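Below: one structure, written as structure tokens.
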Amino acid sequence: MATLLKGAPVAQALSKKIEQDCRRLRSRGVVPTFGIVRVGDEPDDLAYERGACRRAEKLGGAGGHFVLPAHVTEEALIQTLERINADPRIHGCLLMRPLPPHLDTVAVGRVLRPEKDVDAVTVASMGGMLSRAEVGFAPCTATACLELLHYYQIPLQGKKTVVVGKSMTVGLPTALLLMNEEATVSVCHILSDPEDTRRLCREAEIIISAAGHARLITRDYVRPGQVIVDVGVNVGPDGALCGDAAFDEVEPIVQAITPVPGGVGAVTATVLVGHAVQAALRQTEGA
């Protein structure tokens, strides 16, 4: 039976530092605040938004909403980001992605000031990850994966690690963060040969799956002694939430695995608040 790498203890540990920083800022009259820009009313976005705002209020910060219709023009979305840029009371901004297909995510992302970019929507933030410079922040979900591995004291240096999925929001930045930790990283994606993906996963010591494909990682992808970080949140054939891993198949084999729900997702909202608080510290204290 595998050890369950639950997200709640990780979030709780992160929250202690965030609360301390919030008290420090509030003692100077600063309320660390982030703005969530949401286009449309996707249920997953709504749930994440509510959870993030509740978490911010509980820890001593604040979250605001900028809700735009799904048919919003690119110009109107850019104007919203420019208002956030100009408002000194908003220290961080989360632009919910993916955006509707008629909007250019890269063009829109160029508008946001990097110091307010708490989820790596800007090119500058991604460049900061490559150079290890404090420019913006890494994506919240990718950061949550690393925080979880650190909390459970899972070594990364030199470890064979496979990231399944190469999205700009999770897969690619997670691979970059792992390389910054000196892990040996392979990345598989939808165009990778399936047998190569299975082989690389079996050879790996750590598998991080962010493919968004229910039950993709089955028993023939794994072996004893491995750690699986399952980022996928999918609806299974029975209508229940499930990850990318076929939990019932791989859990009896591997050493440790994150549950879905209750794993990486439980950490992500706390990371968002932490990024906003760090942004407030940088902007007000030069921290």
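Starting from 1 in every chain, residues are counted up; chains themselves are A, B, ... following the order of the structure tokens, and ligands are numbered from 1 as listed.
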
ask   = DSSP says strand (DSSP E or B) for which residues of stretch 29-278 of chain A? Put them as an NGL selection string?
value = :A and (33-39 or 62-68 or 92-95 or 117 or 160-164 or 184-188 or 206-209 or 217 or 227-230 or 234-235 or 241-242 or 245 or 256-257)

query = A:Met96: which residues within 10 Å, counting only C-alpha atoms, same-chain residues fewer than 4 positions away excluded, as a list of chain:residue names?
reply = A:Ile36, A:Val37, A:Arg38, A:Val39, A:Gly40, A:Asp45, A:Leu46, A:Tyr48, A:Glu49, A:Asp119, A:Val121

key: Atomic separation - atom CA of A:Leu178 relative to atom CA of A:Arg219, Å   =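 Rounded to one decimal, the two atoms are 24.5 Å apart.
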
ask   = Of the candidates A:Asp220, A:Gly165, A:Val233, A:His213, which one gets nearest to A:Leu191 if we count only C-alpha atoms?
value = A:Gly165

query = Which of these residues is nearest to A:Glu57, using only C-alpha atoms: A:Thr3, A:Thr270, A:Ser125, A:Gln283?
reply = A:Thr270

request  = Can you work out the spacing between atom CA of A:Asp230 and atom CA of A:Gly263 in Å, to one decimal?
outcome  =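 These atoms are spaced 7.7 Å apart.
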